file protein.cif (mmCIF, C-alpha atoms)
data_final
loop_
_atom_site.label_atom_id
_atom_site.label_comp_id
_atom_site.auth_asym_id
_atom_site.auth_seq_id
_atom_site.Cartn_x
_atom_site.Cartn_y
_atom_site.Cartn_z
CA MET F 265 -9.28 46.72 -35.82
CA GLU F 266 -8.69 45.89 -32.15
CA TYR F 267 -4.93 46.06 -32.74
CA PHE F 268 -5.13 49.50 -34.32
CA ASN F 269 -7.33 50.68 -31.47
CA ILE F 270 -4.80 49.61 -28.81
CA PHE F 271 -1.97 51.13 -30.84
CA VAL F 272 -3.57 54.57 -31.15
CA LYS F 273 -4.85 54.48 -27.59
CA SER F 274 -1.40 53.86 -26.15
CA ILE F 275 0.14 56.66 -28.19
CA PHE F 276 -2.31 59.44 -27.42
CA ILE F 277 -4.68 58.62 -24.59
CA ASP F 278 -2.54 56.46 -22.29
CA ASN F 279 0.60 58.38 -23.16
CA MET F 280 3.47 57.19 -20.98
CA ILE F 281 4.60 60.70 -20.07
CA PHE F 282 1.45 62.81 -19.97
CA ALA F 283 -0.91 60.29 -18.42
CA PHE F 284 1.41 58.16 -16.27
CA PHE F 285 4.59 60.24 -15.85
CA LEU F 286 6.81 57.26 -16.69
CA GLY F 287 10.39 57.86 -17.76
CA MET F 288 10.33 61.44 -16.48
CA CYS F 289 13.95 61.40 -15.29
CA SER F 290 15.53 60.82 -18.68
CA TYR F 291 12.75 62.90 -20.27
CA LEU F 292 13.88 65.92 -18.24
CA ALA F 293 17.61 65.23 -18.41
CA VAL F 294 18.02 64.42 -22.11
CA SER F 295 15.50 66.76 -23.74
CA LYS F 296 17.93 69.62 -24.40
CA THR F 297 18.36 69.01 -28.14
CA VAL F 298 16.04 67.40 -30.67
CA LYS F 299 18.73 65.13 -32.11
CA THR F 300 19.74 63.30 -28.93
CA SER F 301 16.17 63.08 -27.68
CA PHE F 302 15.09 61.48 -30.96
CA GLY F 303 17.89 58.92 -30.59
CA LEU F 304 16.83 58.11 -27.04
CA GLY F 305 13.18 57.91 -28.09
CA VAL F 306 13.98 55.39 -30.81
CA ALA F 307 16.07 53.32 -28.40
CA VAL F 308 13.30 53.27 -25.78
CA THR F 309 10.70 52.28 -28.40
CA PHE F 310 12.96 49.48 -29.60
CA VAL F 311 13.61 48.12 -26.10
CA LEU F 312 9.90 48.32 -25.19
CA LEU F 313 9.00 46.50 -28.40
CA ILE F 314 11.25 43.57 -27.43
CA THR F 315 10.92 43.40 -23.64
CA VAL F 316 7.14 43.71 -23.27
CA PRO F 317 6.25 40.71 -25.50
CA VAL F 318 9.04 38.63 -23.90
CA ASN F 319 7.78 39.50 -20.43
CA TYR F 320 4.26 38.69 -21.60
CA LEU F 321 5.36 35.17 -22.52
CA ILE F 322 7.18 34.80 -19.20
CA ASP F 323 4.13 36.01 -17.33
CA LYS F 324 1.78 33.73 -19.24
CA TYR F 325 3.83 30.53 -19.15
CA LEU F 326 5.75 30.86 -15.86
CA LEU F 327 4.32 33.31 -13.37
CA GLN F 328 0.52 33.53 -13.44
CA PRO F 329 -1.45 31.35 -11.06
CA GLY F 330 -1.68 27.98 -12.78
CA ALA F 331 0.68 29.04 -15.57
CA LEU F 332 2.97 26.07 -15.00
CA ALA F 333 0.21 23.59 -15.87
CA TRP F 334 1.79 22.99 -19.31
CA LEU F 335 4.78 21.39 -17.57
CA SER F 336 2.81 18.87 -15.57
CA PRO F 337 -0.72 18.88 -14.15
CA SER F 338 0.63 18.63 -10.61
CA LEU F 339 2.00 22.19 -10.89
CA ALA F 340 -1.39 23.66 -11.79
CA ASP F 341 -1.89 25.44 -8.47
CA VAL F 342 1.56 27.05 -8.26
CA ASP F 343 1.44 30.86 -8.17
CA LEU F 344 4.76 32.56 -8.82
CA SER F 345 3.41 36.04 -9.52
CA PHE F 346 5.27 37.54 -6.54
CA LEU F 347 8.47 36.92 -8.53
CA SER F 348 7.31 39.03 -11.47
CA LEU F 349 9.15 42.24 -10.47
CA ILE F 350 12.54 40.62 -10.17
CA LEU F 351 12.13 38.49 -13.33
CA PHE F 352 10.87 41.45 -15.40
CA ILE F 353 13.79 43.65 -14.40
CA ALA F 354 16.26 40.82 -15.02
CA VAL F 355 14.82 40.26 -18.51
CA ILE F 356 14.98 43.99 -19.23
CA ALA F 357 18.58 44.33 -18.04
CA ALA F 358 19.63 41.27 -20.04
CA ILE F 359 17.84 42.39 -23.22
CA VAL F 360 19.27 45.89 -23.01
CA GLN F 361 22.73 44.32 -22.72
CA ILE F 362 22.10 42.09 -25.77
CA VAL F 363 20.65 44.95 -27.81
CA GLU F 364 23.71 47.00 -26.93
CA MET F 365 26.09 44.27 -28.12
CA VAL F 366 24.15 43.64 -31.33
CA ILE F 367 24.03 47.34 -32.23
CA GLU F 368 27.71 47.72 -31.43
CA LYS F 369 28.58 44.84 -33.77
CA TYR F 370 26.32 45.63 -36.73
CA SER F 371 25.84 49.40 -36.62
CA PRO F 372 28.70 51.24 -34.90
CA ALA F 373 27.34 54.58 -36.15
CA LEU F 374 24.02 54.16 -34.32
CA TYR F 375 25.91 52.82 -31.30
CA ASN F 376 28.03 55.95 -31.07
CA ALA F 377 25.00 58.19 -31.55
CA LEU F 378 23.12 56.56 -28.65
CA GLY F 379 26.19 56.46 -26.42
CA ILE F 380 25.48 56.31 -22.70
CA PHE F 381 21.69 56.30 -23.12
CA LEU F 382 21.55 52.71 -24.25
CA PRO F 383 22.68 51.05 -20.97
CA LEU F 384 20.63 53.57 -18.98
CA ILE F 385 17.41 52.40 -20.63
CA ALA F 386 17.51 49.40 -18.28
CA VAL F 387 16.57 51.70 -15.42
CA ASN F 388 14.08 53.83 -17.39
CA CYS F 389 10.73 53.50 -15.62
CA ALA F 390 8.85 53.65 -18.93
CA VAL F 391 10.32 50.25 -19.85
CA LEU F 392 9.52 48.47 -16.57
CA GLY F 393 6.22 50.36 -16.48
CA GLY F 394 5.34 48.96 -19.90
CA SER F 395 5.75 45.40 -18.61
CA LEU F 396 3.80 46.10 -15.41
CA PHE F 397 0.90 47.72 -17.29
CA MET F 398 0.89 44.78 -19.69
CA GLN F 399 0.46 42.45 -16.71
CA GLN F 400 -2.19 44.63 -15.09
CA ARG F 401 -4.37 45.25 -18.14
CA GLY F 402 -4.57 41.59 -19.15
CA TYR F 403 -4.18 41.75 -22.93
CA SER F 404 -5.50 38.61 -24.54
CA ASN F 405 -2.77 37.71 -27.05
CA ILE F 406 0.74 38.58 -28.09
CA GLY F 407 -0.40 40.70 -31.06
CA GLU F 408 -2.23 43.11 -28.75
CA VAL F 409 0.78 43.22 -26.43
CA THR F 410 3.10 44.08 -29.32
CA CYS F 411 0.80 46.87 -30.48
CA PHE F 412 0.63 48.23 -26.95
CA ALA F 413 4.44 48.18 -26.64
CA LEU F 414 5.01 49.87 -29.99
CA GLY F 415 2.36 52.51 -29.29
CA SER F 416 3.74 53.31 -25.83
CA GLY F 417 7.23 53.69 -27.26
CA ILE F 418 6.07 56.00 -30.04
CA GLY F 419 4.05 58.04 -27.55
CA TRP F 420 7.16 58.49 -25.42
CA LEU F 421 9.18 59.42 -28.51
CA LEU F 422 6.59 62.04 -29.51
CA ALA F 423 6.60 63.58 -26.05
CA ILE F 424 10.38 63.85 -25.71
CA VAL F 425 10.91 65.21 -29.24
CA GLY F 426 8.13 67.75 -28.67
CA ILE F 427 9.56 69.06 -25.41
CA ALA F 428 13.08 69.14 -26.89
CA ALA F 429 11.90 71.27 -29.79
CA ILE F 430 10.21 73.69 -27.39
CA ARG F 431 13.24 73.84 -25.10
CA GLU F 432 15.52 74.71 -28.03
CA ARG F 433 13.36 77.80 -28.63
CA LEU F 434 13.04 78.63 -24.92
CA ARG F 435 16.69 79.63 -24.82
CA TYR F 436 15.71 82.91 -26.44
CA SER F 437 12.79 83.70 -24.14
CA ALA F 438 12.80 85.94 -21.09
CA ILE F 439 11.95 83.47 -18.30
CA PRO F 440 12.05 84.48 -14.61
CA PRO F 441 15.50 83.40 -13.35
CA ALA F 442 14.06 81.10 -10.68
CA LEU F 443 12.00 79.20 -13.26
CA LYS F 444 14.81 78.66 -15.77
CA GLY F 445 15.71 75.08 -16.64
CA VAL F 446 13.72 72.47 -14.74
CA GLY F 447 10.92 74.68 -13.45
CA ILE F 448 9.71 75.91 -16.81
CA THR F 449 10.11 72.43 -18.31
CA PHE F 450 7.68 71.05 -15.73
CA ILE F 451 5.11 73.73 -16.45
CA ILE F 452 5.40 73.27 -20.22
CA THR F 453 5.05 69.51 -19.85
CA GLY F 454 1.89 70.19 -17.86
CA LEU F 455 0.54 72.39 -20.65
CA MET F 456 1.40 69.73 -23.26
CA GLY F 457 -0.41 67.23 -21.05
CA ILE F 458 -3.53 69.41 -21.12
CA ALA F 459 -3.34 69.42 -24.91
CA PHE F 460 -3.05 65.63 -24.94
CA MET F 461 -6.06 65.38 -22.62
CA SER F 462 -8.21 66.47 -25.54
CA PHE F 463 -7.69 63.00 -27.02
CA MET F 464 -9.49 61.47 -24.03
CA GLY F 465 -12.76 59.81 -24.81
CA ILE F 466 -11.91 59.13 -28.43
CA LYS F 467 -12.97 55.60 -29.24
CA LEU F 468 -11.93 53.96 -32.46
CA MET H 12 30.42 65.76 5.94
CA LYS H 13 28.72 65.95 9.31
CA LYS H 14 26.20 63.23 10.15
CA LEU H 15 23.41 65.72 10.80
CA ASP H 16 23.90 67.33 7.38
CA LEU H 17 23.26 63.97 5.71
CA ILE H 18 19.73 64.03 7.07
CA LYS H 19 19.18 67.78 6.84
CA LEU H 20 20.44 68.72 3.38
CA PRO H 21 17.90 66.66 1.37
CA PHE H 22 15.11 68.74 2.90
CA GLY H 23 16.47 71.98 1.52
CA LYS H 24 19.20 72.68 -0.97
CA ASN H 25 19.85 69.07 -1.94
CA ASN H 26 16.23 67.94 -2.23
CA PRO H 27 15.95 64.85 -4.45
CA ILE H 28 12.93 66.15 -6.36
CA THR H 29 13.31 69.88 -6.71
CA VAL H 30 17.12 70.08 -6.92
CA GLN H 31 18.49 66.71 -8.03
CA VAL H 32 15.33 66.16 -10.19
CA LEU H 33 15.18 62.43 -9.43
CA GLY H 34 12.19 60.18 -8.83
CA ILE H 35 9.65 62.38 -10.56
CA CYS H 36 7.39 59.66 -11.96
CA SER H 37 6.04 58.32 -8.69
CA CYS H 38 6.00 61.75 -7.08
CA LEU H 39 3.48 62.97 -9.65
CA ALA H 40 1.42 59.84 -10.03
CA VAL H 41 0.55 58.97 -6.44
CA THR H 42 -0.20 62.42 -5.05
CA ALA H 43 -3.83 62.89 -6.04
CA GLN H 44 -4.63 62.10 -2.38
CA LEU H 45 -2.70 62.43 0.87
CA LYS H 46 -2.91 58.82 2.07
CA PRO H 47 -1.24 57.07 -0.89
CA ALA H 48 1.34 59.86 -0.93
CA VAL H 49 2.33 59.18 2.69
CA VAL H 50 2.42 55.40 2.15
CA MET H 51 4.56 55.86 -0.95
CA ALA H 52 6.93 58.23 0.87
CA LEU H 53 7.44 55.71 3.68
CA SER H 54 7.96 52.82 1.23
CA VAL H 55 10.57 54.75 -0.72
CA THR H 56 12.35 55.82 2.48
CA VAL H 57 12.55 52.20 3.68
CA VAL H 58 13.83 50.97 0.31
CA VAL H 59 16.42 53.75 -0.14
CA ALA H 60 17.74 53.48 3.42
CA LEU H 61 18.07 49.68 3.41
CA ALA H 62 19.43 49.50 -0.14
CA ASN H 63 22.02 52.14 0.72
CA LEU H 64 23.03 50.18 3.83
CA ILE H 65 23.27 46.82 2.06
CA ILE H 66 25.15 48.10 -0.98
CA SER H 67 27.50 50.07 1.25
CA LEU H 68 28.28 46.92 3.25
CA MET H 69 29.02 45.04 0.02
CA ARG H 70 30.73 47.90 -1.82
CA LYS H 71 34.26 46.48 -1.62
CA SER H 72 33.28 43.08 -3.03
CA ILE H 73 31.08 44.22 -5.95
CA PRO H 74 32.95 44.02 -9.30
CA PRO H 75 32.48 47.44 -10.96
CA ARG H 76 31.39 45.96 -14.31
CA ILE H 77 28.30 44.23 -12.98
CA ARG H 78 27.41 46.67 -10.22
CA ILE H 79 24.16 47.82 -11.86
CA ILE H 80 22.83 44.26 -11.92
CA VAL H 81 23.86 43.69 -8.29
CA GLN H 82 22.14 46.92 -7.27
CA LEU H 83 19.00 46.01 -9.21
CA VAL H 84 18.82 42.60 -7.52
CA VAL H 85 19.17 44.10 -4.02
CA VAL H 86 16.62 46.82 -4.76
CA SER H 87 14.07 44.50 -6.36
CA ALA H 88 14.30 42.07 -3.43
CA LEU H 89 13.55 44.97 -1.06
CA VAL H 90 10.71 46.24 -3.23
CA ILE H 91 9.11 42.78 -3.36
CA LEU H 92 9.17 42.73 0.46
CA VAL H 93 7.60 46.20 0.66
CA ASN H 94 4.99 45.22 -1.94
CA GLN H 95 4.00 42.08 -0.01
CA VAL H 96 3.75 44.03 3.27
CA LEU H 97 1.57 46.71 1.64
CA THR H 98 -0.75 44.14 0.05
CA ALA H 99 -1.10 42.38 3.38
CA PHE H 100 -1.75 45.35 5.66
CA VAL H 101 -3.11 48.27 3.60
CA TYR H 102 -4.73 46.51 0.65
CA ASP H 103 -6.86 49.41 -0.62
CA VAL H 104 -3.92 51.83 -0.67
CA SER H 105 -1.73 49.29 -2.45
CA LYS H 106 -4.46 48.95 -5.11
CA GLN H 107 -4.41 52.75 -5.55
CA LEU H 108 -0.64 52.80 -5.90
CA SER H 109 -0.92 50.05 -8.57
CA VAL H 110 2.27 49.70 -10.61
CA TYR H 111 4.07 52.53 -8.87
CA VAL H 112 5.19 50.34 -5.96
CA GLY H 113 6.95 48.04 -8.42
CA LEU H 114 8.40 51.06 -10.13
CA ILE H 115 10.36 51.97 -6.98
CA ILE H 116 12.93 49.57 -8.48
CA THR H 117 13.61 51.97 -11.31
CA ASN H 118 13.03 55.05 -9.18
CA CYS H 119 15.99 57.24 -9.99
CA ILE H 120 16.41 58.29 -6.35
CA VAL H 121 17.29 54.74 -5.34
CA MET H 122 19.78 54.12 -8.16
CA GLY H 123 21.10 57.68 -7.93
CA ARG H 124 21.88 57.47 -4.21
CA LEU H 125 23.42 54.00 -4.59
CA GLU H 126 25.72 55.18 -7.37
CA ALA H 127 26.53 58.60 -5.94
CA PHE H 128 26.80 57.81 -2.26
CA ALA H 129 26.59 54.20 -1.07
CA MET H 130 29.28 52.89 -3.44
CA SER H 131 31.90 55.13 -1.84
CA ASN H 132 30.84 55.71 1.77
CA LYS H 133 30.64 53.89 5.10
CA PRO H 134 27.48 51.92 6.01
CA LEU H 135 26.25 54.25 8.78
CA ASP H 136 26.65 57.37 6.63
CA SER H 137 24.89 55.62 3.76
CA LEU H 138 21.98 54.61 5.98
CA LEU H 139 21.58 58.23 7.15
CA ASP H 140 21.87 59.51 3.59
CA GLY H 141 19.15 57.08 2.52
CA ILE H 142 16.82 58.12 5.33
CA GLY H 143 17.45 61.80 4.61
CA ASN H 144 16.79 61.49 0.90
CA GLY H 145 13.73 59.32 1.41
CA LEU H 146 12.24 61.87 3.79
CA GLY H 147 13.23 64.81 1.58
CA TYR H 148 11.32 63.09 -1.21
CA GLY H 149 8.47 62.43 1.21
CA VAL H 150 8.11 66.10 2.15
CA ILE H 151 7.40 67.08 -1.45
CA LEU H 152 4.96 64.18 -1.81
CA VAL H 153 3.07 65.24 1.30
CA ILE H 154 2.89 68.88 0.15
CA LEU H 155 1.59 67.81 -3.27
CA GLY H 156 -0.83 65.27 -1.80
CA PHE H 157 -2.19 67.84 0.68
CA VAL H 158 -2.71 70.58 -1.92
CA ARG H 159 -4.21 68.28 -4.54
CA GLU H 160 -6.58 66.49 -2.16
CA LEU H 161 -7.72 69.73 -0.50
CA PHE H 162 -8.42 71.62 -3.72
CA GLY H 163 -9.34 68.63 -5.87
CA SER H 164 -11.69 66.63 -3.67
CA GLY H 165 -12.19 68.97 -0.71
CA THR H 166 -10.94 66.46 1.85
CA ILE H 167 -7.84 65.97 4.01
CA TRP H 168 -6.96 62.34 4.77
CA ASP H 169 -10.53 61.43 3.71
CA TYR H 170 -11.96 63.95 6.23
CA PRO H 171 -14.43 66.22 4.39
CA ILE H 172 -13.03 69.50 5.69
CA ILE H 173 -14.65 71.79 3.10
CA GLU H 174 -18.09 70.28 3.73
CA LYS H 175 -17.70 70.67 7.50
CA LEU H 176 -16.69 74.30 7.09
CA GLY H 177 -19.88 74.79 5.07
CA LEU H 178 -18.11 76.32 2.08
CA TYR H 179 -20.28 74.41 -0.41
CA ASN H 180 -23.34 76.29 0.84
CA ILE H 181 -21.87 79.63 -0.14
CA GLY H 182 -21.05 78.51 -3.67
CA TYR H 183 -17.55 76.95 -3.37
CA GLU H 184 -16.82 74.14 -5.81
CA ASN H 185 -14.01 71.62 -5.98
CA ASN H 186 -11.53 72.12 -8.78
CA GLY H 187 -11.49 68.68 -10.37
CA PHE H 188 -8.66 69.72 -12.61
CA VAL H 189 -6.16 69.64 -9.71
CA ILE H 190 -6.51 65.84 -9.55
CA MET H 191 -5.69 65.43 -13.25
CA ALA H 192 -2.17 64.54 -14.34
CA PRO H 193 -1.07 67.84 -15.96
CA MET H 194 -1.78 69.88 -12.83
CA ALA H 195 0.69 67.77 -10.83
CA LEU H 196 3.44 68.81 -13.22
CA ILE H 197 2.50 72.47 -12.98
CA LEU H 198 2.40 72.29 -9.15
CA VAL H 199 5.92 70.83 -9.03
CA GLY H 200 7.03 73.61 -11.35
CA ILE H 201 5.57 76.14 -8.91
CA ILE H 202 7.25 74.50 -5.90
CA ILE H 203 10.58 74.69 -7.73
CA TRP H 204 9.88 78.31 -8.58
CA ILE H 205 9.18 79.22 -4.94
CA GLN H 206 12.24 77.36 -3.66
CA ARG H 207 14.60 78.87 -6.19
CA SER H 208 13.29 82.41 -5.75
CA SER H 209 14.27 82.30 -2.09
CA ASN H 210 17.54 80.44 -2.71
CA LYS H 211 19.48 82.20 -5.45
CA GLU H 212 22.38 79.73 -5.63
CA LEU H 213 20.08 77.00 -6.97
CA GLN H 214 19.05 78.99 -10.04
CA GLU H 215 20.17 77.80 -13.45
CA LYS H 216 21.90 80.15 -15.85
#

call {"tool": "encode", "arguments": {"input": "protein.cif", "output": "structure tokens"}}
result
Amino acid sequence: MEYFNIFVKSIFIDNMIFAFFLGMCSYLAVSKTVKTSFGLGVAVTFVLLITVPVNYLIDKYLLQPGALAWLSPSLADVDLSFLSLILFIAVIAAIVQIVEMVIEKYSPALYNALGIFLPLIAVNCAVLGGSLFMQQRGYSNIGEVTCFALGSGIGWLLAIVGIAAIRERLRYSAIPPALKGVGITFIITGLMGIAFMSFMGIKL
Amino acid sequence: MKKLDLIKLPFGKNNPITVQVLGICSCLAVTAQLKPAVVMALSVTVVVALANLIISLMRKSIPPRIRIIVQLVVVSALVILVNQVLTAFVYDVSKQLSVYVGLIITNCIVMGRLEAFAMSNKPLDSLLDGIGNGLGYGVILVILGFVRELFGSGTIWDYPIIEKLGLYNIGYENNGFVIMAPMALILVGIIIWIQRSSNKELQEK
């Protein structure tokens, strides 16, 4: 039950875009059509699902104060947590590279569909943000971390597909010229955020 | 391009947030109050300026294929330094900023300026470009922080201005909604609206 709770919570209540504004750059740049934004959403979910649990293991067995105790008792008071930023980003960049090569080899169709977005996921703040939140919130085991990662990814996917669908329709609306494009997208994201706020306080 | 323009343009028609639309995440998340907004603006300026300078110095020796990794390493080293300094000297603000200091690494302004400017320009120009863009980003952060703190909590830099003016006695109430996440998005939308109404060439078709 705890797993399901974390999963739903990270989709709706702690939504990456509406509650924490993570991954806004690609969210604004790529949300022009539903098809490409769905592809990017799936790719982000996939990368989150792999990197967050891997970073959790790194954090637990290498970085936390006393984490090195399993190597030898004399290392029990070593604290490497100041290295977490650089290790997390290195893991993310490496995994994105591997995922890219695997997809290219086994599914060229998907590879072509994702195109340039795949390498750019390495610098998507939603991905690094996922790892940093994982570290900050102190989940107790890898199952919870995986649920959190999957939920965050799906929440991001929902948000970007939603805004893309709205933007496809906006083309036919009479918007003040100064608001066209980015301006109106910000305001609509704000309104969607208000809608998502109604999930707050739900406890499963 | 003239040296002065490198500093000046990011404040107006080449602003990183309202025109280039980069670095939105942190700009929205840390501006519920003025103090974290100012600290964040300064941190980003330091990181962008120094990263621009370092990458520009190394630009001829970086192999193009692995340049993203090289840039990430330089930026994350700088961000770790900034993070340690913040934790040491302004601990409470660094707690408020939480993960967003670490997220300067993936802040699109930093990567964007490195790719678009530092990889192809001289060190001094790159340094100026970094400072200009950092401050242009900072201006928007300060505006947002000021508006949201004043209307949301009725204070400016923790000084209870509304209470001192006695507005509460005549029935004024703080609008708690301004501190919430969605309002930040709407405020940025309004800033963009104002800027583009007065500057027609920025409008999108």

call {"tool": "closest_atom_pairs", "arguments": {"input": "protein.cif", "of": "range 50-115 of chain H", "to": "range 122-136 of chain H", "cutoff": "6 Å", "atoms": "only C-alpha atoms", "output": "tab-separated table"}}
result
residue	atom	partner	partner_atom	distance
H:Asn63	CA	H:Ala129	CA	5.3
H:Leu64	CA	H:Pro134	CA	5.3
H:Ser67	CA	H:Ala129	CA	4.8
H:Leu68	CA	H:Pro134	CA	5.8
H:Arg70	CA	H:Met130	CA	5.4

call {"tool": "interface_residues", "arguments": {"input": "protein.cif", "of": "chain H", "to": "chain F", "cutoff": "8 Å", "atoms": "only C-alpha atoms", "output": "ChimeraX atom specification"}}
result
/H:32-37,39-40,80,83-84,87-88,91,110,113-114,117-119,192-201,203-205,207-208,211,214-216

call {"tool": "residues_around", "arguments": {"input": "protein.cif", "residues": "range 175-191 of chain H", "least_positions_apart": "3", "cutoff": "7 Å", "atoms": "all atoms listed in the file", "output": "ChimeraX atom specification"}}
result
/H:43,159,162-165,171-172,194

call {"tool": "atom_distance", "arguments": {"input": "protein.cif", "atom1": "CA of Asn94 in chain H", "atom2": "CA of Ile120 in chain H"}}
result
17.9 Å

call {"tool": "atom_distance", "arguments": {"input": "protein.cif", "atom1": "CA of Gly149 in chain H", "atom2": "CA of Val104 in chain H"}}
result
16.4 Å

call {"tool": "build_atoms", "arguments": {"input": "protein.cif", "residues": "range 334-348 of chain F", "atoms": "N, CA and C atoms", "output": "mmCIF file, in the coordinates of the input"}}
result
data_model
loop_
_atom_site.group_PDB
_atom_site.id
_atom_site.type_symbol
_atom_site.label_atom_id
_atom_site.label_comp_id
_atom_site.auth_asym_id
_atom_site.auth_seq_id
_atom_site.Cartn_x
_atom_site.Cartn_y
_atom_site.Cartn_z
ATOM 1 N N TRP F 334 1.316 23.629 -18.077
ATOM 2 C CA TRP F 334 1.790 22.990 -19.310
ATOM 3 C C TRP F 334 2.974 22.075 -19.036
ATOM 4 N N LEU F 335 3.656 22.269 -17.894
ATOM 5 C CA LEU F 335 4.780 21.390 -17.570
ATOM 6 C C LEU F 335 4.292 20.037 -17.076
ATOM 7 N N SER F 336 3.479 20.091 -16.030
ATOM 8 C CA SER F 336 2.810 18.870 -15.570
ATOM 9 C C SER F 336 1.596 19.280 -14.765
ATOM 10 N N PRO F 337 0.536 18.501 -14.804
ATOM 11 C CA PRO F 337 -0.720 18.880 -14.150
ATOM 12 C C PRO F 337 -0.556 19.107 -12.651
ATOM 13 N N SER F 338 0.480 18.498 -12.061
ATOM 14 C CA SER F 338 0.630 18.630 -10.610
ATOM 15 C C SER F 338 1.061 20.048 -10.212
ATOM 16 N N LEU F 339 1.554 20.826 -11.207
ATOM 17 C CA LEU F 339 2.000 22.190 -10.890
ATOM 18 C C LEU F 339 0.888 23.214 -11.108
ATOM 19 N N ALA F 340 -0.332 22.745 -11.368
ATOM 20 C CA ALA F 340 -1.390 23.660 -11.790
ATOM 21 C C ALA F 340 -1.740 24.700 -10.738
ATOM 22 N N ASP F 341 -1.499 24.429 -9.461
ATOM 23 C CA ASP F 341 -1.890 25.440 -8.470
ATOM 24 C C ASP F 341 -0.689 26.222 -7.927
ATOM 25 N N VAL F 342 0.409 26.247 -8.682
ATOM 26 C CA VAL F 342 1.560 27.050 -8.260
ATOM 27 C C VAL F 342 1.358 28.488 -8.727
ATOM 28 N N ASP F 343 1.574 29.448 -7.823
ATOM 29 C CA ASP F 343 1.440 30.860 -8.170
ATOM 30 C C ASP F 343 2.760 31.568 -7.909
ATOM 31 N N LEU F 344 3.442 31.929 -8.975
ATOM 32 C CA LEU F 344 4.760 32.560 -8.820
ATOM 33 C C LEU F 344 4.705 34.065 -9.057
ATOM 34 N N SER F 345 3.498 34.662 -9.058
ATOM 35 C CA SER F 345 3.410 36.040 -9.520
ATOM 36 C C SER F 345 4.184 37.019 -8.628
ATOM 37 N N PHE F 346 4.492 36.620 -7.373
ATOM 38 C CA PHE F 346 5.270 37.540 -6.540
ATOM 39 C C PHE F 346 6.687 37.713 -7.076
ATOM 40 N N LEU F 347 7.122 36.809 -7.956
ATOM 41 C CA LEU F 347 8.470 36.920 -8.530
ATOM 42 C C LEU F 347 8.510 37.838 -9.750
ATOM 43 N N SER F 348 7.327 38.376 -10.160
ATOM 44 C CA SER F 348 7.310 39.030 -11.470
ATOM 45 C C SER F 348 8.244 40.240 -11.520
#
